[in-house]
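Below: input16.json (JSON, C-alpha atoms)
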[["chain", "number", "residue", "atom", "x", "y", "z"],
["A", 1, "MET", "CA", -28.14, 4.13, 0.32],
["A", 2, "ALA", "CA", -28.30, 0.33, 0.35],
["A", 3, "TYR", "CA", -30.80, -2.34, 1.37],
["A", 4, "THR", "CA", -28.38, -5.28, 1.58],
["A", 5, "ASP", "CA", -24.83, -5.66, 2.81],
["A", 6, "SER", "CA", -23.73, -6.87, -0.64],
["A", 7, "GLY", "CA", -25.21, -3.74, -2.19],
["A", 8, "GLY", "CA", -23.51, -1.69, 0.50],
["A", 9, "PHE", "CA", -20.10, -3.13, -0.33],
["A", 10, "ALA", "CA", -20.61, -2.47, -4.05],
["A", 11, "THR", "CA", -21.43, 1.19, -3.40],
["A", 12, "PHE", "CA", -18.65, 1.48, -0.83],
["A", 13, "PHE", "CA", -16.08, 0.30, -3.36],
["A", 14, "ASP", "CA", -17.32, 2.78, -5.95],
["A", 15, "ASN", "CA", -17.02, 5.55, -3.36],
["A", 16, "ILE", "CA", -13.36, 4.85, -2.56],
["A", 17, "ASN", "CA", -12.06, 3.54, -5.87],
["A", 18, "LEU", "CA", -9.37, 5.53, -7.69],
["A", 19, "THR", "CA", -10.47, 6.50, -11.19],
["A", 20, "GLY", "CA", -8.40, 6.32, -14.34],
["A", 21, "ASP", "CA", -8.07, 10.13, -14.50],
["A", 22, "HIS", "CA", -5.81, 10.08, -11.45],
["A", 23, "HIS", "CA", -3.58, 7.48, -13.05],
["A", 24, "ALA", "CA", -3.11, 9.80, -16.03],
["A", 25, "VAL", "CA", -2.14, 12.69, -13.72],
["A", 26, "ALA", "CA", 0.29, 10.45, -11.85],
["A", 27, "SER", "CA", 1.88, 9.29, -15.09],
["A", 28, "ALA", "CA", 2.38, 12.84, -16.33],
["A", 29, "ARG", "CA", 4.03, 13.87, -13.05],
["A", 30, "ARG", "CA", 6.36, 10.87, -13.17],
["A", 31, "GLU", "CA", 7.52, 11.73, -16.68],
["A", 32, "ARG", "CA", 8.11, 15.37, -15.73],
["A", 33, "VAL", "CA", 10.19, 14.54, -12.66],
["A", 34, "VAL", "CA", 12.30, 11.95, -14.47],
["A", 35, "SER", "CA", 13.03, 14.40, -17.29],
["A", 36, "LEU", "CA", 14.22, 17.00, -14.78],
["A", 37, "LEU", "CA", 16.51, 14.60, -12.93],
["A", 38, "ALA", "CA", 17.93, 13.19, -16.18],
["A", 39, "ARG", "CA", 19.79, 16.49, -16.57],
["A", 40, "GLU", "CA", 21.98, 15.68, -13.56],
["A", 41, "PHE", "CA", 21.88, 11.90, -13.19],
["A", 42, "GLU", "CA", 22.51, 8.96, -15.46],
["A", 43, "ILE", "CA", 19.20, 7.15, -15.15],
["A", 44, "LEU", "CA", 19.27, 3.54, -16.29],
["A", 45, "ASP", "CA", 15.57, 2.97, -15.83],
["A", 46, "SER", "CA", 12.53, 4.47, -14.13],
["A", 47, "PHE", "CA", 9.10, 3.07, -13.43],
["A", 48, "ALA", "CA", 6.09, 3.63, -11.23],
["A", 49, "THR", "CA", 5.51, 1.28, -8.35],
["A", 50, "GLY", "CA", 3.41, 1.19, -5.21],
["A", 51, "SER", "CA", -0.34, 1.40, -4.68],
["A", 52, "ILE", "CA", -1.26, 3.62, -7.63],
["A", 53, "SER", "CA", 0.55, 1.54, -10.24],
["A", 54, "ASN", "CA", -0.64, -1.70, -8.61],
["A", 55, "TYR", "CA", -4.26, -0.50, -8.58],
["A", 56, "THR", "CA", -4.56, -0.92, -4.82],
["A", 57, "ALA", "CA", -4.76, 2.80, -4.01],
["A", 58, "VAL", "CA", -7.82, 4.59, -2.67],
["A", 59, "LYS", "CA", -8.95, 8.15, -3.32],
["A", 60, "GLY", "CA", -6.78, 10.80, -1.73],
["A", 61, "HIS", "CA", -4.63, 8.45, 0.32],
["A", 62, "ALA", "CA", -1.69, 7.31, -1.79],
["A", 63, "ASP", "CA", 1.32, 8.96, -3.32],
["A", 64, "LEU", "CA", 2.94, 7.96, -6.59],
["A", 65, "ASP", "CA", 6.11, 5.94, -6.00],
["A", 66, "VAL", "CA", 8.76, 6.19, -8.72],
["A", 67, "MET", "CA", 11.77, 3.91, -8.75],
["A", 68, "LEU", "CA", 14.71, 5.84, -10.19],
["A", 69, "VAL", "CA", 17.47, 3.41, -11.17],
["A", 70, "LEU", "CA", 20.76, 5.32, -11.02],
["A", 71, "HIS", "CA", 24.18, 4.43, -12.38],
["A", 72, "TRP", "CA", 25.78, 2.77, -9.37],
["A", 73, "SER", "CA", 29.42, 3.82, -9.77],
["A", 74, "LYS", "CA", 28.55, 7.42, -10.68],
["A", 75, "HIS", "CA", 25.87, 8.20, -8.12],
["A", 76, "ILE", "CA", 25.72, 5.55, -5.37],
["A", 77, "LYS", "CA", 29.11, 3.90, -4.87],
["A", 78, "ASP", "CA", 30.60, 4.62, -1.41],
["A", 79, "LYS", "CA", 27.64, 6.81, -0.44],
["A", 80, "LYS", "CA", 25.25, 6.40, 2.46],
["A", 81, "PRO", "CA", 21.52, 6.24, 1.73],
["A", 82, "SER", "CA", 21.05, 9.69, 3.29],
["A", 83, "GLU", "CA", 23.68, 11.12, 0.93],
["A", 84, "VAL", "CA", 22.01, 9.69, -2.17],
["A", 85, "LEU", "CA", 18.61, 10.97, -1.06],
["A", 86, "GLY", "CA", 20.18, 14.35, -0.36],
["A", 87, "ASP", "CA", 21.73, 14.48, -3.84],
["A", 88, "VAL", "CA", 18.36, 13.84, -5.46],
["A", 89, "GLN", "CA", 16.57, 16.33, -3.24],
["A", 90, "SER", "CA", 19.11, 19.06, -3.97],
["A", 91, "HIS", "CA", 18.35, 18.86, -7.70],
["A", 92, "LEU", "CA", 14.63, 19.35, -7.20],
["A", 93, "SER", "CA", 14.80, 22.83, -5.72],
["A", 94, "GLU", "CA", 11.86, 24.06, -7.79],
["A", 95, "PHE", "CA", 9.58, 21.71, -5.84],
["A", 96, "ARG", "CA", 8.50, 21.61, -2.22],
["A", 97, "THR", "CA", 10.26, 18.47, -1.05],
["A", 98, "GLY", "CA", 10.64, 16.32, 2.01],
["A", 99, "ARG", "CA", 11.75, 12.83, 3.01],
["A", 100, "ARG", "CA", 9.23, 9.99, 3.23],
["A", 101, "ASN", "CA", 9.90, 7.17, 5.70],
["A", 102, "GLY", "CA", 13.63, 7.66, 5.18],
["A", 103, "GLN", "CA", 13.41, 5.92, 1.80],
["A", 104, "ALA", "CA", 12.21, 8.53, -0.68],
["A", 105, "VAL", "CA", 12.29, 12.18, -1.63],
["A", 106, "THR", "CA", 8.72, 13.46, -1.71],
["A", 107, "LEU", "CA", 7.66, 16.12, -4.18],
["A", 108, "CYS", "CA", 4.69, 18.03, -2.80],
["A", 109, "TYR", "CA", 1.99, 19.31, -5.13],
["A", 110, "ASP", "CA", -0.99, 21.55, -4.48],
["A", 111, "SER", "CA", -3.26, 18.72, -5.62],
["A", 112, "TRP", "CA", -3.10, 15.00, -4.99],
["A", 113, "PRO", "CA", -1.04, 12.91, -5.62],
["A", 114, "ASP", "CA", 2.42, 13.82, -4.37],
["A", 115, "VAL", "CA", 5.36, 11.93, -5.93],
["A", 116, "ASP", "CA", 7.83, 9.82, -3.95],
["A", 117, "ILE", "CA", 11.16, 9.44, -5.75],
["A", 118, "VAL", "CA", 13.09, 6.35, -4.63],
["A", 119, "PRO", "CA", 16.69, 6.39, -5.96],
["A", 120, "VAL", "CA", 17.94, 2.82, -6.30],
["A", 121, "SER", "CA", 20.67, 0.72, -7.82],
["A", 122, "ARG", "CA", 20.11, -2.67, -9.39],
["A", 123, "SER", "CA", 21.77, -6.05, -9.22],
["A", 124, "VAL", "CA", 21.59, -8.05, -12.45],
["A", 125, "ASN", "CA", 21.87, -11.73, -13.23],
["A", 126, "ASP", "CA", 24.32, -13.20, -15.73],
["A", 127, "ASP", "CA", 21.69, -12.98, -18.47],
["A", 128, "GLY", "CA", 21.19, -9.25, -17.84],
["A", 129, "THR", "CA", 17.83, -9.54, -16.08],
["A", 130, "VAL", "CA", 17.35, -7.65, -12.83],
["A", 131, "ASN", "CA", 17.68, -9.76, -9.69],
["A", 132, "TYR", "CA", 16.79, -7.04, -7.19],
["A", 133, "TYR", "CA", 16.96, -3.32, -6.45],
["A", 134, "SER", "CA", 18.77, -1.74, -3.50],
["A", 135, "VAL", "CA", 16.50, 0.79, -1.81],
["A", 136, "PRO", "CA", 17.92, 3.44, 0.56],
["A", 137, "ASP", "CA", 16.89, 3.49, 4.19],
["A", 138, "MET", "CA", 18.42, 6.53, 5.85],
["A", 139, "ASN", "CA", 16.88, 5.59, 9.21],
["A", 140, "ASP", "CA", 19.49, 2.86, 9.63],
["A", 141, "GLU", "CA", 21.81, 3.94, 6.80],
["A", 142, "LYS", "CA", 21.45, 0.63, 4.99],
["A", 143, "TRP", "CA", 20.24, -0.63, 1.62],
["A", 144, "LEU", "CA", 17.18, -2.84, 1.47],
["A", 145, "VAL", "CA", 16.54, -5.59, -1.07],
["A", 146, "SER", "CA", 13.41, -4.89, -3.10],
["A", 147, "ARG", "CA", 11.70, -6.71, -5.95],
["A", 148, "PRO", "CA", 8.73, -4.42, -6.69],
["A", 149, "ARG", "CA", 7.76, -6.14, -9.93],
["A", 150, "LYS", "CA", 7.66, -9.47, -8.10],
["A", 151, "HIS", "CA", 5.32, -7.97, -5.52],
["A", 152, "SER", "CA", 3.17, -6.42, -8.24],
["A", 153, "LYS", "CA", 2.89, -9.82, -9.94],
["A", 154, "ALA", "CA", 1.94, -11.45, -6.63],
["A", 155, "LEU", "CA", -0.91, -8.96, -6.24],
["A", 156, "THR", "CA", -2.08, -9.55, -9.81],
["A", 157, "ASP", "CA", -1.89, -13.33, -9.42],
["A", 158, "ALA", "CA", -3.80, -13.17, -6.14],
["A", 159, "ASN", "CA", -6.44, -11.01, -7.79],
["A", 160, "SER", "CA", -6.85, -13.57, -10.57],
["A", 161, "SER", "CA", -7.12, -16.58, -8.26],
["A", 162, "PHE", "CA", -9.46, -14.66, -5.95],
["A", 163, "GLY", "CA", -12.06, -14.04, -8.63],
["A", 164, "GLN", "CA", -10.85, -10.50, -9.42],
["A", 165, "GLU", "CA", -11.93, -9.36, -5.95],
["A", 166, "PHE", "CA", -8.59, -9.39, -4.10],
["A", 167, "LYS", "CA", -7.53, -5.85, -5.01],
["A", 168, "LYS", "CA", -11.00, -4.56, -4.19],
["A", 169, "LEU", "CA", -10.69, -6.14, -0.76],
["A", 170, "VAL", "CA", -7.22, -4.64, -0.24],
["A", 171, "LYS", "CA", -8.58, -1.19, -1.09],
["A", 172, "MET", "CA", -11.35, -1.58, 1.46],
["A", 173, "LEU", "CA", -8.85, -2.62, 4.13],
["A", 174, "LYS", "CA", -6.64, 0.36, 3.32],
["A", 175, "TRP", "CA", -9.65, 2.63, 3.65],
["A", 176, "TRP", "CA", -10.36, 1.14, 7.08],
["A", 177, "ASN", "CA", -6.77, 1.93, 8.04],
["A", 178, "HIS", "CA", -7.11, 5.57, 6.96],
["A", 179, "GLN", "CA", -10.36, 5.90, 8.88],
["A", 180, "HIS", "CA", -8.59, 4.74, 12.03],
["A", 181, "SER", "CA", -5.51, 7.00, 12.16],
["A", 182, "ALA", "CA", -3.56, 5.30, 9.34],
["A", 183, "LEU", "CA", -1.30, 3.52, 11.81],
["A", 184, "MET", "CA", -0.37, 0.75, 9.36],
["A", 185, "ARG", "CA", 1.72, 1.18, 6.24],
["A", 186, "SER", "CA", 0.16, 0.32, 2.89],
["A", 187, "TYR", "CA", 2.76, -2.34, 2.05],
["A", 188, "HIS", "CA", 2.18, -3.99, 5.44],
["A", 189, "ILE", "CA", -1.53, -4.39, 4.65],
["A", 190, "GLU", "CA", -0.78, -5.80, 1.19],
["A", 191, "VAL", "CA", 1.64, -8.42, 2.54],
["A", 192, "LEU", "CA", -0.79, -9.38, 5.29],
["A", 193, "ALA", "CA", -3.55, -9.84, 2.71],
["A", 194, "LEU", "CA", -1.29, -11.93, 0.45],
["A", 195, "LYS", "CA", -0.40, -14.24, 3.33],
["A", 196, "ILE", "CA", -3.91, -14.49, 4.74],
["A", 197, "PHE", "CA", -5.65, -15.25, 1.44],
["A", 198, "SER", "CA", -2.97, -17.43, -0.12],
["A", 199, "GLY", "CA", -4.69, -20.55, -1.45],
["A", 200, "LYS", "CA", -8.15, -19.19, -0.64],
["A", 201, "THR", "CA", -10.90, -18.23, -3.07],
["A", 202, "PHE", "CA", -13.32, -15.34, -2.73],
["A", 203, "SER", "CA", -16.38, -16.05, -0.60],
["A", 204, "ASN", "CA", -18.09, -12.69, -0.03],
["A", 205, "PHE", "CA", -16.88, -9.37, 1.28],
["A", 206, "PRO", "CA", -18.45, -9.65, 4.77],
["A", 207, "TRP", "CA", -16.79, -13.01, 5.42],
["A", 208, "ASP", "CA", -13.46, -12.13, 3.82],
["A", 209, "VAL", "CA", -13.19, -8.80, 5.65],
["A", 210, "PHE", "CA", -13.78, -10.67, 8.91],
["A", 211, "THR", "CA", -11.18, -13.27, 7.87],
["A", 212, "PHE", "CA", -8.58, -10.57, 7.33],
["A", 213, "PHE", "CA", -9.14, -8.88, 10.68],
["A", 214, "ASN", "CA", -9.27, -12.23, 12.47],
["A", 215, "GLU", "CA", -5.96, -13.49, 11.10],
["A", 216, "ALA", "CA", -4.22, -10.10, 10.95],
["A", 217, "SER", "CA", -4.88, -9.56, 14.65],
["A", 218, "THR", "CA", -2.75, -12.66, 15.29],
["A", 219, "LEU", "CA", -0.07, -12.13, 12.63],
["A", 220, "THR", "CA", 0.58, -8.57, 13.82],
["A", 221, "GLU", "CA", 1.51, -9.78, 17.29],
["A", 222, "SER", "CA", 4.92, -10.87, 15.95],
["A", 223, "LEU", "CA", 7.32, -9.83, 13.18],
["A", 224, "LEU", "CA", 6.16, -10.19, 9.59],
["A", 225, "PHE", "CA", 8.52, -10.84, 6.68],
["A", 226, "ASP", "CA", 7.87, -10.64, 2.95],
["A", 227, "ASP", "CA", 9.13, -13.23, 0.46],
["A", 228, "ASP", "CA", 12.49, -11.43, 0.16],
["A", 229, "GLY", "CA", 13.11, -11.64, 3.90],
["A", 230, "ASN", "CA", 12.43, -7.96, 4.57],
["A", 231, "ASN", "CA", 10.80, -7.14, 7.90],
["A", 232, "VAL", "CA", 7.55, -5.58, 6.69],
["A", 233, "ASP", "CA", 6.66, -4.10, 10.07],
["A", 234, "GLU", "CA", 10.12, -2.86, 10.95],
["A", 235, "TYR", "CA", 8.59, 0.60, 11.37],
["A", 236, "LEU", "CA", 7.02, -0.79, 14.56],
["A", 237, "PHE", "CA", 10.36, -1.97, 15.98],
["A", 238, "LEU", "CA", 10.51, -1.10, 19.68],
["A", 239, "LYS", "CA", 7.35, 0.99, 19.25],
["A", 240, "PHE", "CA", 5.37, -1.17, 21.63],
["A", 241, "ASP", "CA", 2.60, 1.36, 22.21],
["A", 242, "LYS", "CA", 1.96, 1.78, 18.48],
["A", 243, "ARG", "CA", 1.88, -1.98, 17.86],
["A", 244, "ALA", "CA", -0.45, -2.40, 20.82],
["A", 245, "GLU", "CA", -2.77, 0.27, 19.41],
["A", 246, "ILE", "CA", -2.80, -1.40, 15.99],
["A", 247, "LEU", "CA", -3.62, -4.74, 17.61],
["A", 248, "LYS", "CA", -6.39, -3.12, 19.61],
["A", 249, "ARG", "CA", -7.95, -1.64, 16.46],
["A", 250, "LEU", "CA", -7.60, -4.87, 14.50],
["A", 251, "LYS", "CA", -9.29, -6.85, 17.27],
["A", 252, "THR", "CA", -12.09, -4.30, 17.58],
["A", 253, "ALA", "CA", -12.62, -4.48, 13.82],
["A", 254, "LYS", "CA", -12.57, -8.29, 14.01],
["A", 255, "ASP", "CA", -15.31, -8.33, 16.66],
["A", 256, "LYS", "CA", -17.47, -5.84, 14.78],
["A", 257, "ALA", "CA", -16.96, -7.61, 11.44],
["A", 258, "ARG", "CA", -17.98, -10.93, 13.00],
["A", 259, "GLU", "CA", -21.14, -9.32, 14.33],
["A", 260, "ALA", "CA", -21.94, -7.70, 10.97],
["A", 261, "TRP", "CA", -21.29, -10.93, 9.06],
["A", 262, "TYR", "CA", -23.47, -12.98, 11.40],
["A", 263, "ALA", "CA", -26.35, -10.50, 11.05],
["A", 264, "THR", "CA", -26.97, -11.71, 7.48],
["A", 265, "TYR", "CA", -25.47, -15.22, 7.72],
["A", 266, "ASN", "CA", -27.71, -18.12, 6.69],
["A", 267, "ASN", "CA", -30.49, -15.78, 5.54],
["A", 268, "ARG", "CA", -30.88, -14.06, 8.90],
["A", 269, "GLY", "CA", -31.71, -10.93, 6.94],
["A", 270, "GLU", "CA", -30.65, -8.29, 9.48],
["A", 271, "HIS", "CA", -29.26, -6.02, 6.76],
["A", 272, "ALA", "CA", -30.02, -2.74, 8.52],
["A", 273, "ASN", "CA", -28.04, -3.89, 11.56],
["A", 274, "ALA", "CA", -25.20, -5.23, 9.41],
["A", 275, "ILE", "CA", -24.92, -2.02, 7.39],
["A", 276, "ALA", "CA", -24.86, 0.10, 10.55],
["A", 277, "ILE", "CA", -21.93, -1.96, 11.85],
["A", 278, "TRP", "CA", -20.05, -1.82, 8.56],
["A", 279, "ARG", "CA", -20.38, 1.97, 8.68],
["A", 280, "GLN", "CA", -18.75, 1.91, 12.13],
["A", 281, "ILE", "CA", -15.85, -0.03, 10.63],
["A", 282, "PHE", "CA", -15.41, 1.81, 7.33],
["A", 283, "GLY", "CA", -16.90, 5.24, 7.95],
["A", 284, "ASP", "CA", -19.49, 7.23, 6.01],
["A", 285, "LYS", "CA", -18.22, 6.15, 2.56],
["A", 286, "PHE", "CA", -20.06, 2.92, 3.35],
["A", 287, "PRO", "CA", -23.67, 3.78, 2.47],
["A", 288, "ALA", "CA", -26.42, 3.98, 5.06],
["A", 289, "TYR", "CA", -29.37, 1.61, 5.05],
["A", 290, "GLY", "CA", -32.40, 2.57, 2.99]]
Output the structure of this file as C-alpha cells.
Amino acid sequence: MAYTDSGGFATFFDNINLTGDHHAVASARRERVVSLLAREFEILDSFATGSISNYTAVKGHADLDVMLVLHWSKHIKDKKPSEVLGDVQSHLSEFRTGRRNGQAVTLCYDSWPDVDIVPVSRSVNDDGTVNYYSVPDMNDEKWLVSRPRKHSKALTDANSSFGQEFKKLVKMLKWWNHQHSALMRSYHIEVLALKIFSGKTFSNFPWDVFTFFNEASTLTESLLFDDDGNNVDEYLFLKFDKRAEILKRLKTAKDKAREAWYATYNNRGEHANAIAIWRQIFGDKFPAYG
C-alpha cells in the first residue's frame, strides 16, 4: 500500500528487485558449467555478463549469461556459428538444453535462473588487451562484434551520473515489458535507456518513466544501433507486425505515464489517481493506494 506516487515507486522497486541470494546461485551455476566444459574445451576465459551480472535483472525474468572464451584455432576456426553452438550443446548432455536467440546454449534448471552459455572467440590488441569478442549468431550464420564489459561500464557510469537511480529505472522498464508480453529484448531496453538519458540527471521516477516511453516510442520507429554498430533491434527485421505492436504499447504507456505524472505535478496531489494509473502500466507489483 502507498499514499504517494513516490512511496509507490519505492515499494514497487523493492517488489521486483533481485536479491543477492540469486546472484550467489547464479555464480555457483556458472562455475559448475565452466568446470564441466573445461574437460572438452580449452577455455581461455569465462565471465558472467547480461542483466544479472549488470544488476539490471528483475525477479524471475532473466537468465544468467556466461561468455565462454574458446581457443579459436582449436574450437572455432572454419566453423559456422551453428556448429560451435552444437559442439557445446553436445557436451552438456546431462542437462536439459536448448538454443536461445540463435546465440547461446541454454541450460534449463528446475528453479530460476537458467544459464545461457555463449561460446565466443576474442580479438586482442598489440598490448594483449581484448578489443572485442565474436559472438555466434546461427540465425544468419555470422559472428557479431561484442564488447560486454564496455556495455557494463556504460551502465555503471550512467547509474553514477544519474544519481544511482538509472539501474532502478531500467529494472522498472524491464518489468513493464514483461507485464506486456515481453516483446522487447532486455539489451534493446538497456540501449534505449542509455541513449535517452545520456547527459540527463535524475528528476523523479514519474517524470523519467514518462521520458523513456515518450522518446522510445519515436526511437523504435527506426533501426537502433549500439556504440559498436550492432543493430540492437535486428530481431524485429521484417517483422512489421511485431514492431507495430511494440510501438503501440510504448505509445499507450507514454500516454498513461503522462497522465499519471500530471496527476501529482506542481502539488496537484491526485496520488490515488496517479497510483491507479501506474498499476495499469506496471501491474500489481506496484502497490495500491492506501
Counting all atoms listed in the file, what are the residues of range 132-219 of chain A within 9 Å of range 98-110 of chain A, and for each of them which pair of atoms is the nearest and at what distance in Å, to one decimal? Sort the table by chain and rising number, as a Markdown table.
| residue | atom | partner | partner_atom | distance |
| --- | --- | --- | --- | --- |
| A:Val135 | CA | A:Gln103 | CA | 7.0 |
| A:Pro136 | CA | A:Gln103 | CA | 5.3 |
| A:Asp137 | CA | A:Gln103 | CA | 4.9 |
| A:Met138 | CA | A:Gly102 | CA | 5.0 |
| A:Asn139 | CA | A:Gly102 | CA | 5.6 |
| A:Asp140 | CA | A:Gly102 | CA | 8.8 |
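For the choices A:Val118, A:Trp278, A:Ser186, A:Lys254, the atom-to-atom distance to Thr218 in chain A is smallest for A:Lys254 when using only C-alpha atoms.
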Next on the checklist: Which residues are close to Ala57 in chain A, i.e. within 10 Å by all atoms listed in the file, leaving aside same-chain residues fewer than 5 positions away? Reply as a ChimeraX atom specification.
Outcome noted: /A:16-19,50-52,62-64,167-168,170-172,174-175,186
Checklist entry - What's the 10 Å shell around Pro206 in chain A, counting only C-alpha atoms, without same-chain residues fewer than 3 positions away, as a PyMOL selection string? => result chain A and resi 5-6+9+203+209-211+257-262+264-265+274+278
Okay, now the selection with C-alpha atoms, as a PDB file, keeping the file's coordinate frame?
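Saved the output as selection.pdb:
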ATOM      1  CA  ASP A   5     -24.830  -5.660   2.810  1.00  0.00           C
ATOM      2  CA  SER A   6     -23.730  -6.870  -0.640  1.00  0.00           C
ATOM      3  CA  PHE A   9     -20.100  -3.130  -0.330  1.00  0.00           C
ATOM      4  CA  SER A 203     -16.380 -16.050  -0.600  1.00  0.00           C
ATOM      5  CA  VAL A 209     -13.190  -8.800   5.650  1.00  0.00           C
ATOM      6  CA  PHE A 210     -13.780 -10.670   8.910  1.00  0.00           C
ATOM      7  CA  THR A 211     -11.180 -13.270   7.870  1.00  0.00           C
ATOM      8  CA  ALA A 257     -16.960  -7.610  11.440  1.00  0.00           C
ATOM      9  CA  ARG A 258     -17.980 -10.930  13.000  1.00  0.00           C
ATOM     10  CA  GLU A 259     -21.140  -9.320  14.330  1.00  0.00           C
ATOM     11  CA  ALA A 260     -21.940  -7.700  10.970  1.00  0.00           C
ATOM     12  CA  TRP A 261     -21.290 -10.930   9.060  1.00  0.00           C
ATOM     13  CA  TYR A 262     -23.470 -12.980  11.400  1.00  0.00           C
ATOM     14  CA  THR A 264     -26.970 -11.710   7.480  1.00  0.00           C
ATOM     15  CA  TYR A 265     -25.470 -15.220   7.720  1.00  0.00           C
ATOM     16  CA  ALA A 274     -25.200  -5.230   9.410  1.00  0.00           C
ATOM     17  CA  TRP A 278     -20.050  -1.820   8.560  1.00  0.00           C
TER      18      TRP A 278
END
Checklist entry - Looking at A:Ala288, A:Ala10, A:Leu37, A:Val88, which one is nearest to His271 in chain A, with distances taken over all atoms listed in the file? => result A:Ala288
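Neighbours of Ile196 in chain A closer than or equal to 9 Å, with only C-alpha atoms counted and sequence neighbours fewer than 2 positions away skipped, come out as Val191, Leu192, Ala193, Leu194, Ser198, Gly199, Lys200, Thr211, Phe212, Glu215 and Ala216 of chain A.
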Checklist outcome for this item: In Å and to one decimal, CA of Pro113 in chain A is distant from CA of Val34 in chain A by 16.0 Å
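CA of Ser161 in chain A is positioned 20.5 Å from CA of Phe213 in chain A.
Proximity to Glu221 in chain A at 9 Å, evaluated using only C-alpha atoms and with sequence-adjacent residues fewer than 6 positions away removed, yields Arg243, Ala244 and Leu247 of chain A.
Relative to CA of Arg149 in chain A, CA of Phe205 in chain A is found at 27.3 Å.
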With only C-alpha atoms as the counted atoms, please give the residues lying no more than 10 Å from Leu224 in chain A, apart from itself and same-chain residues fewer than 3 positions off, as a PDB file with C-alpha atoms, keeping the file's coordinate frame.
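Output saved as part_13.pdb:
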ATOM      1  CA  HIS A 188       2.180  -3.990   5.440  1.00  0.00           C
ATOM      2  CA  VAL A 191       1.640  -8.420   2.540  1.00  0.00           C
ATOM      3  CA  LEU A 192      -0.790  -9.380   5.290  1.00  0.00           C
ATOM      4  CA  LYS A 195      -0.400 -14.240   3.330  1.00  0.00           C
ATOM      5  CA  LEU A 219      -0.070 -12.130  12.630  1.00  0.00           C
ATOM      6  CA  THR A 220       0.580  -8.570  13.820  1.00  0.00           C
ATOM      7  CA  GLU A 221       1.510  -9.780  17.290  1.00  0.00           C
ATOM      8  CA  GLY A 229      13.110 -11.640   3.900  1.00  0.00           C
ATOM      9  CA  ASN A 230      12.430  -7.960   4.570  1.00  0.00           C
ATOM     10  CA  ASN A 231      10.800  -7.140   7.900  1.00  0.00           C
ATOM     11  CA  VAL A 232       7.550  -5.580   6.690  1.00  0.00           C
ATOM     12  CA  ASP A 233       6.660  -4.100  10.070  1.00  0.00           C
ATOM     13  CA  GLU A 234      10.120  -2.860  10.950  1.00  0.00           C
TER      14      GLU A 234
END
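Environment of (-15.4, 1.5, 13.5): residues at most 8 Å away, judged by all atoms listed in the file, are His180, Thr252, Ala253, Lys256, Ile277, Trp278, Arg279, Gln280, Ile281, Phe282 and Gly283 of chain A.
With distances restricted to all atoms listed in the file, A:Ser152 is the closest residue to Ala48 in chain A from A:Ser90, A:Asn15, A:Ser152, A:Ser160.
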Item to check | Nearest candidate to Val120 in chain A (options A:Gln164, A:Ser46, A:Thr56, A:Gln179; using only C-alpha atoms) | outcome: A:Ser46
